[in-house]
file protein-v2.cif (mmCIF, C-alpha atoms)
data_target
loop_
_atom_site.label_atom_id
_atom_site.label_comp_id
_atom_site.auth_asym_id
_atom_site.auth_seq_id
_atom_site.Cartn_x
_atom_site.Cartn_y
_atom_site.Cartn_z
CA MET A 1 -28.51 -113.25 -12.62
CA ARG A 2 -30.72 -113.01 -15.67
CA ALA A 3 -33.08 -115.46 -17.30
CA VAL A 4 -35.26 -115.61 -20.34
CA VAL A 5 -38.08 -118.06 -19.60
CA GLN A 6 -40.04 -119.42 -22.52
CA ARG A 7 -43.08 -121.60 -22.05
CA VAL A 8 -42.64 -124.38 -24.60
CA ARG A 9 -44.44 -127.38 -26.01
CA HIS A 10 -40.99 -128.93 -26.51
CA ALA A 11 -37.36 -127.82 -26.68
CA SER A 12 -33.96 -129.37 -27.30
CA VAL A 13 -30.25 -128.58 -27.40
CA THR A 14 -27.95 -130.03 -30.03
CA ILE A 15 -24.14 -129.95 -29.91
CA GLU A 16 -22.11 -131.12 -32.91
CA GLY A 17 -25.13 -132.93 -34.35
CA GLU A 18 -26.03 -134.75 -31.11
CA VAL A 19 -29.12 -133.91 -29.05
CA VAL A 20 -27.75 -133.53 -25.51
CA GLY A 21 -30.93 -132.38 -23.79
CA SER A 22 -34.62 -132.26 -24.58
CA ILE A 23 -37.95 -131.68 -22.85
CA GLY A 24 -41.63 -131.81 -23.57
CA ARG A 25 -44.08 -129.29 -22.12
CA GLY A 26 -42.43 -126.87 -19.71
CA TYR A 27 -39.90 -124.06 -19.66
CA LEU A 28 -36.78 -123.32 -21.63
CA VAL A 29 -34.61 -121.19 -19.33
CA LEU A 30 -31.74 -119.25 -20.89
CA LEU A 31 -29.56 -118.38 -17.88
CA GLY A 32 -26.93 -115.67 -17.60
CA VAL A 33 -24.64 -115.11 -14.62
CA GLY A 34 -23.11 -111.73 -13.76
CA HIS A 35 -20.06 -110.77 -11.69
CA ALA A 36 -21.97 -109.95 -8.52
CA ASP A 37 -24.17 -113.04 -8.56
CA THR A 38 -24.12 -115.59 -5.74
CA ARG A 39 -26.10 -118.65 -4.73
CA ALA A 40 -28.60 -116.28 -3.09
CA GLU A 41 -29.48 -114.85 -6.52
CA ALA A 42 -29.77 -118.36 -7.95
CA ASP A 43 -32.14 -119.33 -5.13
CA LYS A 44 -34.23 -116.20 -5.65
CA LEU A 45 -34.40 -116.67 -9.42
CA TRP A 46 -35.27 -120.37 -9.33
CA ASN A 47 -37.95 -119.84 -6.68
CA LYS A 48 -39.50 -117.11 -8.84
CA ILE A 49 -39.43 -119.25 -12.00
CA PHE A 50 -40.81 -122.33 -10.27
CA ALA A 51 -43.70 -120.35 -8.75
CA LEU A 52 -44.62 -118.39 -11.88
CA ARG A 53 -48.24 -118.99 -12.80
CA ILE A 54 -47.84 -118.84 -16.56
CA ASN A 55 -49.54 -122.07 -17.60
CA ASP A 56 -53.12 -122.20 -18.79
CA ASP A 57 -55.85 -123.66 -16.62
CA GLU A 58 -58.95 -125.38 -18.03
CA ASP A 59 -60.45 -121.94 -18.80
CA GLY A 60 -57.38 -120.75 -20.72
CA LYS A 61 -56.27 -118.38 -17.94
CA THR A 62 -52.62 -118.29 -16.89
CA ASN A 63 -53.19 -119.56 -13.35
CA LEU A 64 -51.01 -122.66 -13.10
CA ALA A 65 -47.39 -123.04 -11.99
CA LEU A 66 -44.90 -125.52 -13.40
CA ALA A 67 -45.67 -128.16 -10.76
CA ASP A 68 -49.40 -127.90 -11.51
CA VAL A 69 -48.83 -129.10 -15.08
CA ALA A 70 -45.97 -131.55 -14.34
CA GLY A 71 -43.80 -129.37 -16.55
CA GLU A 72 -40.21 -130.07 -17.53
CA VAL A 73 -37.25 -127.67 -17.65
CA LEU A 74 -34.37 -127.19 -20.08
CA VAL A 75 -31.62 -124.88 -18.73
CA VAL A 76 -29.12 -123.40 -21.19
CA SER A 77 -26.20 -121.19 -20.19
CA GLN A 78 -26.37 -117.82 -21.95
CA PHE A 79 -23.62 -115.33 -21.07
CA THR A 80 -24.85 -113.06 -23.87
CA LEU A 81 -27.73 -112.00 -21.59
CA PHE A 82 -25.12 -109.69 -20.05
CA ALA A 83 -24.23 -108.06 -23.37
CA ASN A 84 -23.67 -104.33 -23.12
CA CYS A 85 -24.56 -102.59 -26.38
CA LYS A 86 -24.29 -98.98 -25.22
CA LYS A 87 -21.14 -98.15 -27.21
CA GLY A 88 -20.56 -98.93 -30.84
CA ARG A 89 -22.00 -101.89 -32.70
CA ARG A 90 -20.09 -104.73 -31.09
CA PRO A 91 -21.47 -105.94 -27.73
CA SER A 92 -19.22 -106.07 -24.69
CA PHE A 93 -19.55 -109.08 -22.38
CA THR A 94 -17.43 -107.79 -19.50
CA GLU A 95 -20.48 -107.76 -17.18
CA ALA A 96 -20.81 -111.55 -17.48
CA ALA A 97 -19.22 -113.62 -14.71
CA PRO A 98 -15.91 -115.35 -15.42
CA PRO A 99 -16.28 -118.99 -16.52
CA ALA A 100 -15.44 -120.62 -13.15
CA GLN A 101 -18.00 -118.54 -11.25
CA ALA A 102 -20.62 -118.84 -13.99
CA THR A 103 -20.19 -122.61 -14.25
CA GLU A 104 -20.58 -123.10 -10.50
CA LEU A 105 -23.73 -120.97 -10.33
CA TYR A 106 -25.20 -122.51 -13.49
CA GLU A 107 -24.72 -126.01 -12.02
CA TYR A 108 -26.15 -124.88 -8.69
CA PHE A 109 -29.23 -123.46 -10.47
CA VAL A 110 -29.70 -126.76 -12.32
CA ASP A 111 -29.47 -128.64 -9.00
CA LEU A 112 -32.20 -126.37 -7.59
CA ALA A 113 -34.42 -127.16 -10.56
CA ARG A 114 -33.77 -130.89 -10.17
CA ARG A 115 -34.87 -130.66 -6.55
CA ASP A 116 -38.34 -129.55 -7.64
CA VAL A 117 -38.85 -130.90 -11.16
CA GLU A 118 -38.82 -134.53 -12.23
CA HIS A 119 -37.25 -133.96 -15.67
CA VAL A 120 -34.55 -131.29 -16.05
CA ALA A 121 -32.31 -131.25 -19.11
CA THR A 122 -29.35 -129.02 -19.88
CA GLY A 123 -27.08 -127.86 -22.59
CA ARG A 124 -23.33 -127.92 -22.05
CA PHE A 125 -21.72 -124.90 -20.43
CA GLY A 126 -19.48 -123.03 -22.87
CA ALA A 127 -20.36 -125.15 -25.89
CA ASN A 128 -21.62 -123.92 -29.25
CA MET A 129 -25.23 -125.06 -28.99
CA GLN A 130 -28.21 -125.09 -31.30
CA VAL A 131 -31.44 -124.62 -29.37
CA GLU A 132 -34.76 -125.59 -30.93
CA LEU A 133 -38.13 -124.91 -29.38
CA LEU A 134 -41.81 -124.58 -30.00
CA ASN A 135 -42.78 -121.55 -27.91
CA ASP A 136 -46.27 -122.04 -26.49
CA GLY A 137 -48.31 -118.86 -26.70
CA PRO A 138 -45.82 -117.40 -27.49
CA PHE A 139 -45.02 -116.80 -23.85
CA THR A 140 -41.62 -115.31 -22.96
CA ILE A 141 -40.58 -113.56 -19.75
CA VAL A 142 -37.30 -111.81 -18.93
CA LEU A 143 -36.23 -111.89 -15.27
CA ASP A 144 -33.31 -110.13 -13.58
CA THR A 145 -32.51 -110.73 -9.90
CA ASP A 146 -31.64 -107.03 -9.58
CA GLU A 147 -35.34 -106.34 -10.18
CA LEU A 148 -36.98 -109.14 -8.19
#

call {"tool": "encode", "arguments": {"input": "protein-v2.cif", "output": "structure tokens"}}
result
Amino acid sequence: MRAVVQRVRHASVTIEGEVVGSIGRGYLVLLGVGHADTRAEADKLWNKIFALRINDDEDGKTNLALADVAGEVLVVSQFTLFANCKKGRRPSFTEAAPPAQATELYEYFVDLARRDVEHVATGRFGANMQVELLNDGPFTIVLDTDEL
């Protein structure tokens, strides 16, 4: 499982002109699911994201976790995180999980986030989405459960 975590001042997802999810201060999580991923990887990844101390304290140091700042979370499915660009100029997405598996694990990950965070918004799995954000910092982290 892979995630791009961006600390944001605000973020939103629009589908066909309608805002379907939005948050204030918190994290935008772009989430990709691979073939070998299970709920165990989702648990590991969410626990890592939730515990990350990437929010500024009163001295401007990155010492605070999401719960410390009452942060919100926007989770957007992103199969392109499994793009393989080793051959040619057109990415291959064969390393991404098939839709049924990816949907189940995406929804499970969102449920984990909702367990810990008061406001969790989402995009819509498989939809053509426009994601807008104001990255705070900028602060962006790439996580892969194979490396955690």

call {"tool": "atom_distance", "arguments": {"input": "protein-v2.cif", "atom1": "atom CA of Leu31 of chain A", "atom2": "atom CA of Gln78 of chain A"}}
result
5.2 Å

call {"tool": "resolve_selection", "arguments": {"input": "protein-v2.cif", "expression": "the PyMOL selection byres ((chain A and resi 128) around 9)", "output": "number ranges by chain"}}
result
A: 14-16, 124-127, 129-130

call {"tool": "atom_distance", "arguments": {"input": "protein-v2.cif", "atom1": "atom CA of Ala83 of chain A", "atom2": "atom CA of Arg53 of chain A"}}
result
28.4 Å

call {"tool": "resolve_selection", "arguments": {"input": "protein-v2.cif", "expression": "the PyMOL selection byres ((chain A and resi 77) around 9)", "output": "PyMOL selection string"}}
result
chain A and resi 29-33+75-76+78-79+102-103+106+122-126

call {"tool": "write_last_selection", "arguments": {"input": "protein-v2.cif", "atoms": "C-alpha atoms", "output": "mmCIF file, in the coordinates of the input"}}
result
data_model
loop_
_atom_site.group_PDB
_atom_site.id
_atom_site.type_symbol
_atom_site.label_atom_id
_atom_site.label_comp_id
_atom_site.auth_asym_id
_atom_site.auth_seq_id
_atom_site.Cartn_x
_atom_site.Cartn_y
_atom_site.Cartn_z
ATOM 1 C CA VAL A 29 -34.610 -121.190 -19.330
ATOM 2 C CA LEU A 30 -31.740 -119.250 -20.890
ATOM 3 C CA LEU A 31 -29.560 -118.380 -17.880
ATOM 4 C CA GLY A 32 -26.930 -115.670 -17.600
ATOM 5 C CA VAL A 33 -24.640 -115.110 -14.620
ATOM 6 C CA VAL A 75 -31.620 -124.880 -18.730
ATOM 7 C CA VAL A 76 -29.120 -123.400 -21.190
ATOM 8 C CA GLN A 78 -26.370 -117.820 -21.950
ATOM 9 C CA PHE A 79 -23.620 -115.330 -21.070
ATOM 10 C CA ALA A 102 -20.620 -118.840 -13.990
ATOM 11 C CA THR A 103 -20.190 -122.610 -14.250
ATOM 12 C CA TYR A 106 -25.200 -122.510 -13.490
ATOM 13 C CA THR A 122 -29.350 -129.020 -19.880
ATOM 14 C CA GLY A 123 -27.080 -127.860 -22.590
ATOM 15 C CA ARG A 124 -23.330 -127.920 -22.050
ATOM 16 C CA PHE A 125 -21.720 -124.900 -20.430
ATOM 17 C CA GLY A 126 -19.480 -123.030 -22.870
#

call {"tool": "atom_distance", "arguments": {"input": "protein-v2.cif", "atom1": "atom CA of Leu81 of chain A", "atom2": "atom CA of Leu148 of chain A"}}
result
16.5 Å

call {"tool": "closest_residue", "arguments": {"input": "protein-v2.cif", "among": "A:Glu95, A:Glu18, A:Glu41, A:Asp57", "to": "Leu112 of chain A", "atoms": "only C-alpha atoms"}}
result
A:Glu41

call {"tool": "resolve_selection", "arguments": {"input": "protein-v2.cif", "expression": "the PyMOL selection byres ((chain A and resi 43) around 12)", "output": "VMD selection string"}}
result
chain A and resid 1 37 to 42 44 to 50 105 to 106 108 to 113 115 145 148

call {"tool": "residues_near_point", "arguments": {"input": "protein-v2.cif", "point": "(-45.7, -133.5, -14.0)", "cutoff": "10 Å", "atoms": "all atoms listed in the file", "output": "ChimeraX atom specification"}}
result
/A:25-26,66-72,117-119

call {"tool": "closest_residue", "arguments": {"input": "protein-v2.cif", "among": "A:Thr94, A:Val20, A:Arg114, A:Asp56", "to": "Gly137 of chain A", "atoms": "all atoms listed in the file"}}
result
A:Asp56
